[in-house]
file target-v9.txt (compact mmCIF, C-alpha atoms and all ligand atoms)
# COMPACT_ATOMS: atom_id res chain seq x y z
CA MET A 7 -4.01 -17.53 38.89
CA SER A 8 -5.04 -19.14 42.13
CA PHE A 9 -3.58 -19.78 45.57
CA GLN A 10 -3.33 -22.96 47.57
CA VAL A 11 -5.21 -22.96 50.88
CA ALA A 12 -4.51 -25.69 53.44
CA LEU A 13 -7.53 -26.38 55.65
CA ASN A 14 -6.30 -28.02 58.84
CA PHE A 15 -9.17 -29.55 60.82
CA GLU A 16 -9.41 -30.20 64.56
CA ASP A 17 -8.78 -33.93 64.07
CA GLY A 18 -5.51 -33.19 62.27
CA VAL A 19 -6.81 -33.98 58.77
CA THR A 20 -5.60 -31.44 56.22
CA ARG A 21 -7.23 -30.81 52.85
CA PHE A 22 -5.81 -28.50 50.21
CA ILE A 23 -7.99 -26.37 47.92
CA GLU A 24 -7.35 -23.90 45.14
CA CYS A 25 -8.74 -20.42 45.73
CA GLY A 26 -8.83 -17.60 43.18
CA PRO A 27 -7.67 -14.09 44.21
CA HIS A 28 -11.25 -12.75 44.06
CA GLU A 29 -12.90 -15.82 45.55
CA THR A 30 -13.58 -16.21 49.26
CA VAL A 31 -12.08 -19.21 51.01
CA ALA A 32 -15.62 -20.35 51.86
CA GLU A 33 -16.64 -20.30 48.19
CA ALA A 34 -13.53 -22.26 47.22
CA SER A 35 -14.15 -24.77 50.01
CA TYR A 36 -17.69 -25.43 48.90
CA ARG A 37 -16.56 -25.73 45.29
CA ALA A 38 -14.26 -28.49 46.55
CA ARG A 39 -17.22 -30.05 48.41
CA ILE A 40 -15.74 -29.31 51.81
CA ASN A 41 -18.36 -27.94 54.19
CA ILE A 42 -16.40 -25.71 56.54
CA PRO A 43 -18.60 -24.18 59.29
CA LEU A 44 -20.79 -21.38 57.92
CA ASP A 45 -23.98 -19.63 58.89
CA CYS A 46 -24.64 -16.04 57.78
CA ARG A 47 -21.94 -15.97 55.04
CA ASP A 48 -22.02 -12.22 55.55
CA GLY A 49 -19.38 -11.45 58.14
CA ALA A 50 -21.98 -11.03 60.87
CA CYS A 51 -22.16 -14.18 62.99
CA GLY A 52 -18.56 -15.36 63.49
CA THR A 53 -19.47 -19.03 62.92
CA CYS A 54 -16.71 -19.48 60.34
CA LYS A 55 -14.01 -17.82 62.48
CA SER A 56 -10.70 -19.59 61.88
CA LEU A 57 -7.02 -19.00 62.57
CA CYS A 58 -4.70 -18.10 59.73
CA GLU A 59 -1.26 -19.51 60.54
CA SER A 60 0.52 -18.64 57.35
CA GLY A 61 0.06 -16.30 54.41
CA SER A 62 -1.56 -12.94 53.70
CA PHE A 63 -5.12 -12.07 52.73
CA ASP A 64 -7.78 -9.38 52.49
CA GLY A 65 -10.10 -9.86 55.48
CA GLY A 66 -13.16 -8.46 53.66
CA ASP A 67 -16.13 -6.75 55.33
CA TYR A 68 -17.44 -7.83 58.70
CA ILE A 69 -18.75 -6.44 61.95
CA ASP A 70 -16.93 -6.36 65.27
CA GLU A 71 -19.31 -8.94 66.80
CA ALA A 72 -18.07 -11.47 64.23
CA LEU A 73 -14.37 -10.67 64.58
CA THR A 74 -12.88 -8.17 67.00
CA GLU A 75 -9.83 -6.06 66.26
CA ASP A 76 -7.82 -8.04 68.79
CA GLU A 77 -8.84 -11.35 67.19
CA ALA A 78 -7.90 -10.08 63.75
CA ALA A 79 -4.55 -8.86 65.10
CA ALA A 80 -3.97 -12.35 66.55
CA GLY A 81 -4.45 -13.91 63.09
CA HIS A 82 -8.11 -14.91 63.24
CA CYS A 83 -10.13 -14.51 60.08
CA LEU A 84 -13.54 -15.09 58.50
CA PRO A 85 -13.36 -17.52 55.54
CA CYS A 86 -16.77 -16.31 54.32
CA GLN A 87 -15.22 -12.88 53.72
CA MET A 88 -11.49 -13.36 53.20
CA THR A 89 -9.75 -13.52 49.84
CA PRO A 90 -6.15 -14.71 49.54
CA HIS A 91 -3.12 -12.66 48.59
CA SER A 92 -0.85 -15.71 48.90
CA ASP A 93 -0.99 -19.39 49.78
CA LEU A 94 -2.65 -19.82 53.19
CA VAL A 95 -2.75 -22.28 56.08
CA LEU A 96 -5.98 -22.11 58.11
CA ARG A 97 -6.98 -23.90 61.32
CA ILE A 98 -10.67 -24.72 60.85
CA PRO A 99 -12.85 -25.01 63.99
CA SER A 100 -14.48 -28.34 63.13
CA THR A 101 -13.55 -31.94 62.51
CA SER A 102 -13.05 -33.17 58.96
CA ALA A 103 -16.08 -35.45 59.35
CA ALA A 104 -18.29 -32.48 60.31
CA ALA A 105 -17.06 -30.76 57.15
CA LYS A 106 -17.99 -33.89 55.19
CA THR A 107 -14.44 -34.62 54.13
CA ALA A 108 -11.75 -37.14 55.06
CA PRO A 109 -8.05 -37.75 54.58
CA ALA A 110 -7.13 -38.53 50.99
CA THR A 111 -5.85 -41.99 50.03
CA HIS A 112 -2.76 -42.27 47.81
CA THR A 113 -1.14 -45.23 46.08
CA ALA A 114 2.57 -45.47 45.39
CA THR A 115 5.45 -47.72 44.43
CA LEU A 116 8.36 -48.42 46.76
CA CYS A 117 11.36 -47.03 44.90
CA GLU A 118 14.19 -47.07 47.46
CA ILE A 119 15.10 -48.67 50.77
CA ARG A 120 18.07 -47.16 52.62
CA ARG A 121 19.35 -49.10 55.59
CA HIS A 122 21.08 -46.37 57.57
CA SER A 123 22.01 -48.71 60.43
CA SER A 124 20.76 -51.75 62.29
CA SER A 125 18.21 -49.51 64.03
CA THR A 126 17.03 -47.13 61.31
CA VAL A 127 15.70 -47.57 57.79
CA GLU A 128 14.42 -44.97 55.35
CA PHE A 129 12.13 -45.78 52.46
CA SER A 130 11.01 -43.69 49.51
CA LEU A 131 7.86 -43.86 47.45
CA ASP A 132 7.05 -42.84 43.92
CA VAL A 133 3.45 -41.62 44.29
CA ASP A 134 1.12 -42.52 41.40
CA ASP A 135 -0.49 -39.08 41.30
CA ARG A 136 2.11 -36.84 42.91
CA LYS A 137 0.21 -33.69 41.91
CA ALA A 138 -2.72 -34.82 44.04
CA LEU A 139 -0.53 -35.10 47.13
CA ASP A 140 0.06 -31.89 49.06
CA PHE A 141 1.34 -31.67 52.59
CA LEU A 142 2.83 -29.15 54.97
CA PRO A 143 6.44 -29.72 56.09
CA GLY A 144 6.23 -31.62 59.38
CA GLN A 145 3.01 -33.53 58.69
CA TYR A 146 2.55 -37.30 58.66
CA VAL A 147 0.54 -39.96 56.85
CA ASN A 148 -0.85 -43.35 57.85
CA VAL A 149 0.92 -46.03 55.82
CA THR A 150 -0.73 -49.42 55.36
CA VAL A 151 1.91 -52.08 55.97
CA PRO A 152 1.95 -54.23 52.81
CA GLY A 153 0.54 -57.72 53.34
CA THR A 154 -1.29 -56.69 56.53
CA ASP A 155 -4.35 -54.72 57.53
CA GLN A 156 -2.29 -52.61 59.91
CA SER A 157 -1.18 -49.04 59.41
CA ARG A 158 1.60 -47.00 60.96
CA SER A 159 2.08 -43.24 61.12
CA TYR A 160 5.21 -41.72 59.62
CA SER A 161 6.23 -38.12 59.10
CA PHE A 162 7.61 -37.12 55.73
CA SER A 163 11.40 -36.69 55.85
CA SER A 164 11.21 -35.20 52.34
CA GLY A 165 10.00 -31.73 51.44
CA PRO A 166 6.56 -31.05 49.93
CA ARG A 167 8.09 -30.13 46.56
CA GLN A 168 10.36 -33.15 46.20
CA LYS A 169 9.13 -35.68 43.68
CA GLU A 170 9.63 -38.79 45.79
CA VAL A 171 8.36 -38.90 49.35
CA SER A 172 10.48 -40.45 52.10
CA PHE A 173 9.99 -41.73 55.64
CA LEU A 174 12.36 -42.67 58.47
CA VAL A 175 11.56 -45.81 60.45
CA ARG A 176 13.12 -46.98 63.69
CA LEU A 177 13.18 -50.79 63.58
CA THR A 178 11.54 -52.47 66.55
CA GLU A 179 11.41 -56.13 67.48
CA GLY A 180 8.08 -57.57 66.32
CA GLY A 181 6.91 -54.31 64.71
CA ALA A 182 4.68 -54.71 61.65
CA MET A 183 6.52 -52.22 59.45
CA SER A 184 9.88 -53.27 60.89
CA GLY A 185 9.18 -56.88 59.93
CA TYR A 186 8.09 -55.85 56.46
CA LEU A 187 11.13 -53.64 55.85
CA ALA A 188 13.58 -56.16 57.32
CA GLU A 189 12.31 -59.27 55.53
CA HIS A 190 9.88 -58.66 52.72
CA ALA A 191 10.22 -55.19 51.24
CA ARG A 192 11.33 -55.05 47.63
CA VAL A 193 11.65 -52.11 45.27
CA GLY A 194 8.51 -52.16 43.14
CA ASP A 195 6.15 -53.12 45.99
CA ARG A 196 2.84 -51.29 45.99
CA ILE A 197 2.06 -49.20 49.10
CA GLU A 198 -1.03 -47.21 50.11
CA PHE A 199 -1.25 -44.34 52.58
CA THR A 200 -3.77 -41.77 53.77
CA GLY A 201 -3.23 -38.17 54.78
CA PRO A 202 -1.69 -35.73 55.29
CA MET A 203 -2.41 -35.32 58.98
CA GLY A 204 -1.27 -33.31 61.97
CA SER A 205 -0.86 -29.81 63.29
CA PHE A 206 2.93 -30.14 63.69
CA TYR A 207 4.03 -28.15 60.67
CA LEU A 208 6.31 -25.26 59.90
CA ARG A 209 4.77 -21.81 60.33
CA ASP A 210 6.14 -18.62 58.78
CA VAL A 211 9.58 -18.07 60.30
CA THR A 212 9.10 -14.63 61.88
CA ARG A 213 11.54 -15.07 64.77
CA PRO A 214 14.40 -17.46 65.73
CA ALA A 215 13.45 -21.13 65.58
CA LEU A 216 14.72 -23.99 67.74
CA LEU A 217 14.20 -27.44 66.24
CA LEU A 218 14.48 -30.39 68.63
CA ALA A 219 14.58 -33.99 67.42
CA GLY A 220 14.66 -37.25 69.31
CA GLY A 221 15.67 -40.26 67.17
CA THR A 222 13.54 -40.61 64.04
CA GLY A 223 11.72 -37.47 65.21
CA LEU A 224 14.33 -35.90 62.94
CA ALA A 225 12.14 -36.74 59.92
CA PRO A 226 9.61 -33.88 60.07
CA LEU A 227 12.40 -31.43 60.85
CA LEU A 228 14.28 -32.53 57.72
CA SER A 229 11.10 -31.79 55.76
CA MET A 230 11.00 -28.31 57.32
CA LEU A 231 14.66 -27.66 56.50
CA GLU A 232 14.14 -28.77 52.91
CA THR A 233 11.28 -26.26 52.69
CA MET A 234 13.47 -23.50 54.10
CA THR A 235 15.90 -23.96 51.20
CA GLN A 236 13.17 -22.51 48.94
CA SER A 237 12.86 -19.31 51.02
CA PRO A 238 15.74 -19.14 53.49
CA ALA A 239 14.81 -17.80 56.92
CA ALA A 240 16.06 -14.37 57.92
CA HIS A 241 16.22 -15.54 61.54
CA PRO A 242 18.56 -18.07 63.19
CA VAL A 243 17.38 -21.67 62.97
CA HIS A 244 19.14 -24.06 65.34
CA LEU A 245 18.58 -27.80 65.52
CA LEU A 246 19.43 -30.08 68.45
CA TYR A 247 19.32 -33.77 67.62
CA GLY A 248 19.47 -36.39 70.36
CA VAL A 249 19.67 -40.17 70.04
CA SER A 250 20.25 -43.12 72.35
CA SER A 251 23.35 -44.60 70.72
CA ASP A 252 25.68 -43.95 67.81
CA GLN A 253 23.85 -46.40 65.55
CA ASP A 254 20.73 -44.22 65.78
CA LEU A 255 22.51 -41.20 64.30
CA VAL A 256 21.39 -40.63 60.71
CA HIS A 257 21.52 -37.83 58.17
CA LEU A 258 24.42 -35.92 59.77
CA ALA A 259 25.80 -35.35 56.26
CA THR A 260 22.37 -34.07 55.18
CA LEU A 261 22.38 -31.62 58.09
CA ASP A 262 25.89 -30.50 57.09
CA ASP A 263 24.54 -29.87 53.58
CA TYR A 264 21.68 -27.77 54.95
CA ALA A 265 24.16 -25.79 57.05
CA ASP A 266 26.08 -25.07 53.82
CA VAL A 267 23.07 -23.79 51.87
CA LEU A 268 21.16 -22.12 54.72
CA PRO A 269 23.31 -19.34 56.23
CA SER A 270 21.04 -19.00 59.26
CA PHE A 271 21.05 -22.72 60.08
CA SER A 272 23.24 -24.50 62.62
CA PHE A 273 22.96 -27.79 64.49
CA GLU A 274 24.43 -29.96 67.22
CA HIS A 275 23.84 -33.56 68.14
CA CYS A 276 24.17 -35.54 71.31
CA VAL A 277 24.15 -39.21 72.20
CA ALA A 278 22.89 -40.59 75.50
CA ASP A 279 25.25 -43.60 75.48
CA GLU A 280 28.36 -42.79 77.54
CA ALA A 281 30.40 -45.02 75.23
CA SER A 282 29.61 -42.79 72.26
CA SER A 283 32.33 -40.92 70.43
CA ALA A 284 30.03 -37.90 70.05
CA ARG A 285 31.27 -34.55 71.35
CA HIS A 286 28.12 -34.09 73.41
CA LYS A 287 26.98 -37.00 75.53
CA GLY A 288 23.66 -36.97 77.34
CA TYR A 289 20.24 -35.60 76.47
CA VAL A 290 19.21 -32.60 74.39
CA THR A 291 18.14 -30.78 77.54
CA SER A 292 21.84 -30.38 78.39
CA LEU A 293 22.18 -28.21 75.25
CA ILE A 294 19.18 -25.96 75.99
CA ASP A 295 19.67 -22.79 77.99
CA ALA A 296 18.20 -19.29 77.99
CA GLY A 297 20.53 -18.40 75.12
CA THR A 298 19.32 -21.17 72.80
CA LEU A 299 15.78 -20.06 73.68
CA HIS A 300 16.62 -16.43 72.80
CA GLY A 301 15.17 -15.35 76.13
CA GLY A 302 11.74 -16.54 74.94
CA ASP A 303 11.70 -14.86 71.51
CA VAL A 304 11.77 -18.25 69.84
CA GLU A 305 9.43 -20.68 68.09
CA VAL A 306 10.15 -24.23 69.27
CA TYR A 307 9.43 -27.34 67.17
CA LEU A 308 9.93 -30.55 69.13
CA CYS A 309 9.42 -34.08 67.83
CA GLY A 310 10.38 -37.15 69.81
CA PRO A 311 9.19 -39.96 72.09
CA PRO A 312 6.92 -38.92 74.99
CA PRO A 313 9.63 -38.98 77.73
CA MET A 314 11.80 -36.63 75.68
CA VAL A 315 8.93 -34.25 74.96
CA GLU A 316 8.02 -34.12 78.65
CA ALA A 317 11.66 -33.72 79.71
CA VAL A 318 12.17 -30.78 77.36
CA ARG A 319 8.95 -29.07 78.41
CA GLY A 320 9.91 -29.47 82.08
CA HIS A 321 13.44 -28.21 81.42
CA VAL A 322 12.21 -25.13 79.55
CA THR A 323 9.81 -24.35 82.39
CA SER A 324 12.62 -24.76 84.95
CA LEU A 325 14.69 -22.18 83.04
CA GLY A 326 11.91 -19.67 83.60
CA VAL A 327 11.68 -18.95 79.87
CA THR A 328 8.39 -18.88 77.98
CA PRO A 329 8.83 -19.47 74.22
CA SER A 330 6.63 -17.39 71.93
CA ALA A 331 5.32 -20.65 70.48
CA PHE A 332 5.94 -24.29 71.31
CA HIS A 333 4.87 -26.94 68.79
CA PHE A 334 5.42 -30.58 69.64
CA GLU A 335 4.68 -34.03 68.35
CA LYS A 336 4.96 -37.21 70.38
CA PHE A 337 5.41 -40.57 68.77
CA THR A 338 6.10 -44.18 69.59
CA PRO A 339 7.72 -46.49 67.03
CA GLY A 340 4.23 -47.40 65.83
CA ALA A 341 2.25 -44.22 65.88
CA VAL A 342 2.06 -40.50 66.27
CA LEU A 343 0.48 -40.06 69.69
CA ALA A 344 -0.31 -36.40 69.90
CA THR A 345 0.34 -33.20 68.10
CA ALA A 346 -0.18 -29.77 69.42
CA GLY A 347 0.80 -26.22 68.81
CA ALA A 348 0.55 -23.80 71.66
CA ALA A 349 1.86 -20.45 72.66
CA ARG A 350 3.05 -20.65 76.24
FE1 LIG B 401 -21.08 -15.72 59.55
FE2 LIG B 401 -18.68 -16.08 58.34
S1 LIG B 401 -20.42 -17.36 58.29
S2 LIG B 401 -19.27 -14.53 59.75

call {"tool": "encode", "arguments": {"input": "target-v9.txt", "output": "structure tokens"}}
result
Amino acid sequence: MSFQVALNFEDGVTRFIECGPHETVAEASYRARINIPLDCRDGACGTCKSLCESGSFDGGDYIDEALTEDEAAAGHCLPCQMTPHSDLVLRIPSTSAAAKTAPATHTATLCEIRRHSSSTVEFSLDVDDRKALDFLPGQYVNVTVPGTDQSRSYSFSSGPRQKEVSFLVRLTEGGAMSGYLAEHARVGDRIEFTGPMGSFYLRDVTRPALLLAGGTGLAPLLSMLETMTQSPAAHPVHLLYGVSSDQDLVHLATLDDYADVLPSFSFEHCVADEASSARHKGYVTSLIDAGTLHGGDVEVYLCGPPPMVEAVRGHVTSLGVTPSAFHFEKFTPGAVLATAGAAR
């Protein structure tokens, strides 16, 4: 029996390793030829100190100079000493290059193209070695656009345990992937991608969660919801989904399905276009108040274009509420711009 440990590096690269119940995470990392930071290997120096964001473990033996009680209480850990009791997600204090590793490359076959509307397309891939592909719900990969040397970043809209992997794309005039999907893409095409990447991923749901999506920023949140169907959250999970116009609205039926199978899940959507037939017109900020933020006892996951991310952050600040955690990811049609997770 072994557990899966996700090592998330400072540059967003994530590598997954198998770790036995009596093996330290450091031993398992080195077995996988991943050189996470280490010095004493004895719980004395603190060089390996990392942050455990998900899972349970035995912290092992160490001295206070390496890891204080307060640090341990805040989730910090020493990979040279810790042994897993469950699957783990660790933030490692180095880049992937410093640890002599890199994002994995995967090859796949295009198996479905779904044209949701004139603005939004979803495509699915049948990955050659699906067992070799692990990711955390919310993460993204860099997809090489077939027939070009360009790559674009897309978050998985599918869950980590689903066989096929899927991605939502907003079509843009002159965009490399947009041009490929609109004119050339055929089922059976070969596609390569690298990853997974990013620190925007679902943590253990230990308090109410507010999911905020702008346009195709819905994709990583769909991946999170799919994951929640495997262990439904005991806390309320509410999603607010904002788009520019009716044609950008996708997956409402999917969200209805999640609301049916996840008792704690609810959602609303809004459309900025005044001509929309949606019940709520305007921006997602109009649907956020102190109540939706549970007075601050909430973990926020926000994915959308930069103006939306900034507008939401400003709005939350203006309400005088400080969420327990605020994770966000900014993207443009062509790339993920920034990911961050921060308690505020
Ligand atoms: Fe020194 Fe882990 S390497 S405490």

call {"tool": "axis_aligned_box", "arguments": {"input": "target-v9.txt", "around": "ligand LIG 401 (chain B)", "padding_each_side": "4 Å", "output": "lines of an AutoDock Vina configuration file"}}
result
center_x = -19.9
center_y = -15.9
center_z = 59.0
size_x = 10.4
size_y = 10.8
size_z = 9.5

call {"tool": "residues_around", "arguments": {"input": "target-v9.txt", "residues": "A:Ser282", "least_positions_apart": "4", "cutoff": "7 Å", "atoms": "all atoms listed in the file", "output": "list of chain:residue names"}}
result
A:Ser251, A:Asp252, A:Val277

call {"tool": "residues_near_ligand", "arguments": {"input": "target-v9.txt", "ligand": "ligand LIG 401 (chain B)", "cutoff": "7 Å", "atoms": "all atoms listed in the file", "output": "mmCIF file with C-alpha atoms, in the frame of the given file"}}
result
data_model
loop_
_atom_site.group_PDB
_atom_site.id
_atom_site.type_symbol
_atom_site.label_atom_id
_atom_site.label_comp_id
_atom_site.auth_asym_id
_atom_site.auth_seq_id
_atom_site.Cartn_x
_atom_site.Cartn_y
_atom_site.Cartn_z
ATOM 1 C CA LEU A 44 -20.790 -21.380 57.920
ATOM 2 C CA ASP A 45 -23.980 -19.630 58.890
ATOM 3 C CA CYS A 46 -24.640 -16.040 57.780
ATOM 4 C CA ARG A 47 -21.940 -15.970 55.040
ATOM 5 C CA ASP A 48 -22.020 -12.220 55.550
ATOM 6 C CA GLY A 49 -19.380 -11.450 58.140
ATOM 7 C CA ALA A 50 -21.980 -11.030 60.870
ATOM 8 C CA CYS A 51 -22.160 -14.180 62.990
ATOM 9 C CA GLY A 52 -18.560 -15.360 63.490
ATOM 10 C CA THR A 53 -19.470 -19.030 62.920
ATOM 11 C CA CYS A 54 -16.710 -19.480 60.340
ATOM 12 C CA LYS A 55 -14.010 -17.820 62.480
ATOM 13 C CA ALA A 72 -18.070 -11.470 64.230
ATOM 14 C CA LEU A 84 -13.540 -15.090 58.500
ATOM 15 C CA PRO A 85 -13.360 -17.520 55.540
ATOM 16 C CA CYS A 86 -16.770 -16.310 54.320
ATOM 17 C CA GLN A 87 -15.220 -12.880 53.720
#

call {"tool": "residues_around", "arguments": {"input": "target-v9.txt", "residues": "A:Ala38", "least_positions_apart": "5", "cutoff": "9 Å", "atoms": "all atoms listed in the file", "output": "VMD selection string"}}
result
chain A and resid 23 to 24 33

call {"tool": "residues_around", "arguments": {"input": "target-v9.txt", "residues": "A:Pro109", "least_positions_apart": "5", "cutoff": "6 Å", "atoms": "only C-alpha atoms", "output": "count of residues only"}}
result
3

call {"tool": "closest_residue", "arguments": {"input": "target-v9.txt", "among": "A:Tyr160, A:Phe206, A:Phe332, A:Phe199", "to": "A:Thr113", "atoms": "all atoms listed in the file"}}
result
A:Phe199

call {"tool": "closest_residue", "arguments": {"input": "target-v9.txt", "among": "A:Glu170, A:Asp195, A:Glu71, A:Glu59", "to": "A:Arg97", "atoms": "all atoms listed in the file"}}
result
A:Glu59

call {"tool": "atom_distance", "arguments": {"input": "target-v9.txt", "atom1": "atom CA of A:Phe9", "atom2": "atom CA of A:Ser35"}}
result
12.5 Å

call {"tool": "atom_distance", "arguments": {"input": "target-v9.txt", "atom1": "atom CA of A:Ser123", "atom2": "atom CA of A:Arg176"}}
result
9.6 Å

call {"tool": "residues_near_point", "arguments": {"input": "target-v9.txt", "point": "(-0.8, -27.2, 62.6)", "cutoff": "8 Å", "atoms": "only C-alpha atoms", "output": "number ranges by chain"}}
result
A: 14, 18, 59, 97, 204-208, 346-347

call {"tool": "write_last_selection", "arguments": {"input": "target-v9.txt", "atoms": "C-alpha atoms", "output": "short mmCIF file (atom, residue, chain, number, x, y, z; two decimals), in the frame of the given file"}}
result
data_model
loop_
_atom_site.label_atom_id
_atom_site.label_comp_id
_atom_site.auth_asym_id
_atom_site.auth_seq_id
_atom_site.Cartn_x
_atom_site.Cartn_y
_atom_site.Cartn_z
CA ASN A 14 -6.30 -28.02 58.84
CA GLY A 18 -5.51 -33.19 62.27
CA GLU A 59 -1.26 -19.51 60.54
CA ARG A 97 -6.98 -23.90 61.32
CA GLY A 204 -1.27 -33.31 61.97
CA SER A 205 -0.86 -29.81 63.29
CA PHE A 206 2.93 -30.14 63.69
CA TYR A 207 4.03 -28.15 60.67
CA LEU A 208 6.31 -25.26 59.90
CA ALA A 346 -0.18 -29.77 69.42
CA GLY A 347 0.80 -26.22 68.81
#

call {"tool": "atom_distance", "arguments": {"input": "target-v9.txt", "atom1": "atom CA of A:Met234", "atom2": "atom CA of A:Asp93"}}
result
15.6 Å

call {"tool": "residues_around", "arguments": {"input": "target-v9.txt", "residues": "A:Val133", "least_positions_apart": "5", "cutoff": "9 Å", "atoms": "only C-alpha atoms", "output": "list in words"}}
result
His112, Thr113, Ala114, Thr115, Leu116, Leu139, Lys169, Glu170 and Val171 of chain A

call {"tool": "write_last_selection", "arguments": {"input": "target-v9.txt", "atoms": "C-alpha atoms", "output": "compact mmCIF listing (two decimals), keeping the file's coordinate frame"}}
result
# COMPACT_ATOMS: atom_id res chain seq x y z
CA HIS A 112 -2.76 -42.27 47.81
CA THR A 113 -1.14 -45.23 46.08
CA ALA A 114 2.57 -45.47 45.39
CA THR A 115 5.45 -47.72 44.43
CA LEU A 116 8.36 -48.42 46.76
CA LEU A 139 -0.53 -35.10 47.13
CA LYS A 169 9.13 -35.68 43.68
CA GLU A 170 9.63 -38.79 45.79
CA VAL A 171 8.36 -38.90 49.35

call {"tool": "residues_around", "arguments": {"input": "target-v9.txt", "residues": "A:His122", "least_positions_apart": "3", "cutoff": "7 Å", "atoms": "all atoms listed in the file", "output": "list in words"}}
result
Thr126, Val127 and Val256 of chain A

call {"tool": "closest_residue", "arguments": {"input": "target-v9.txt", "among": "A:Met183, A:Ser102, A:Thr150, A:Asp64", "to": "A:Asn41", "atoms": "only C-alpha atoms"}}
result
A:Ser102

call {"tool": "closest_residue", "arguments": {"input": "target-v9.txt", "among": "A:Ser229, A:Ser60, A:Ser92, A:Ser164", "to": "A:Gly26", "atoms": "only C-alpha atoms"}}
result
A:Ser92

call {"tool": "residues_near_point", "arguments": {"input": "target-v9.txt", "point": "(3.0, -37.2, 55.8)", "cutoff": "9 Å", "atoms": "only C-alpha atoms", "output": "list in words"}}
result
Phe141, Leu142, Pro143, Gly144, Gln145, Tyr146, Val147, Asn148, Ser159, Tyr160, Ser161, Phe162, Ser163, Val171, Ser172, Phe173, Phe199, Thr200, Gly201, Pro202, Met203, Gly204 and Pro226 of chain A

call {"tool": "closest_residue", "arguments": {"input": "target-v9.txt", "among": "A:Ala225, A:Leu218, A:Ala239, A:Val315", "to": "A:Leu268", "atoms": "only C-alpha atoms"}}
result
A:Ala239

call {"tool": "closest_residue", "arguments": {"input": "target-v9.txt", "among": "A:Met314, A:Ser62, A:Cys309, A:Leu174", "to": "A:Tyr289", "atoms": "all atoms listed in the file"}}
result
A:Met314

call {"tool": "build_atoms", "arguments": {"input": "target-v9.txt", "residues": "stretch 118-129 of chain A", "atoms": "N, CA and C atoms", "output": "PDB file, in the frame of the given file"}}
result
ATOM      1  N   GLU A 118      12.859 -46.982  46.844  1.00  0.00           N
ATOM      2  CA  GLU A 118      14.190 -47.070  47.460  1.00  0.00           C
ATOM      3  C   GLU A 118      14.073 -47.461  48.922  1.00  0.00           C
ATOM      4  N   ILE A 119      14.998 -48.304  49.343  1.00  0.00           N
ATOM      5  CA  ILE A 119      15.100 -48.670  50.770  1.00  0.00           C
ATOM      6  C   ILE A 119      16.539 -48.386  51.187  1.00  0.00           C
ATOM      7  N   ARG A 120      16.714 -47.492  52.145  1.00  0.00           N
ATOM      8  CA  ARG A 120      18.070 -47.160  52.620  1.00  0.00           C
ATOM      9  C   ARG A 120      18.224 -47.642  54.052  1.00  0.00           C
ATOM     10  N   ARG A 121      19.116 -48.587  54.236  1.00  0.00           N
ATOM     11  CA  ARG A 121      19.350 -49.100  55.590  1.00  0.00           C
ATOM     12  C   ARG A 121      20.467 -48.282  56.205  1.00  0.00           C
ATOM     13  N   HIS A 122      20.087 -47.264  56.965  1.00  0.00           N
ATOM     14  CA  HIS A 122      21.080 -46.370  57.570  1.00  0.00           C
ATOM     15  C   HIS A 122      21.937 -47.101  58.592  1.00  0.00           C
ATOM     16  N   SER A 123      21.292 -47.973  59.379  1.00  0.00           N
ATOM     17  CA  SER A 123      22.010 -48.710  60.430  1.00  0.00           C
ATOM     18  C   SER A 123      21.123 -49.872  60.844  1.00  0.00           C
ATOM     19  N   SER A 124      21.573 -50.616  61.841  1.00  0.00           N
ATOM     20  CA  SER A 124      20.760 -51.750  62.290  1.00  0.00           C
ATOM     21  C   SER A 124      19.473 -51.279  62.965  1.00  0.00           C
ATOM     22  N   SER A 125      19.410 -49.989  63.328  1.00  0.00           N
ATOM     23  CA  SER A 125      18.210 -49.510  64.030  1.00  0.00           C
ATOM     24  C   SER A 125      17.296 -48.654  63.158  1.00  0.00           C
ATOM     25  N   THR A 126      17.797 -48.151  62.047  1.00  0.00           N
ATOM     26  CA  THR A 126      17.030 -47.130  61.310  1.00  0.00           C
ATOM     27  C   THR A 126      17.046 -47.390  59.800  1.00  0.00           C
ATOM     28  N   VAL A 127      15.855 -47.382  59.231  1.00  0.00           N
ATOM     29  CA  VAL A 127      15.700 -47.570  57.790  1.00  0.00           C
ATOM     30  C   VAL A 127      14.897 -46.406  57.235  1.00  0.00           C
ATOM     31  N   GLU A 128      15.206 -46.009  56.018  1.00  0.00           N
ATOM     32  CA  GLU A 128      14.420 -44.970  55.350  1.00  0.00           C
ATOM     33  C   GLU A 128      13.892 -45.572  54.051  1.00  0.00           C
ATOM     34  N   PHE A 129      12.639 -45.316  53.751  1.00  0.00           N
ATOM     35  CA  PHE A 129      12.130 -45.780  52.460  1.00  0.00           C
ATOM     36  C   PHE A 129      11.495 -44.627  51.699  1.00  0.00           C
TER      37      PHE A 129
END
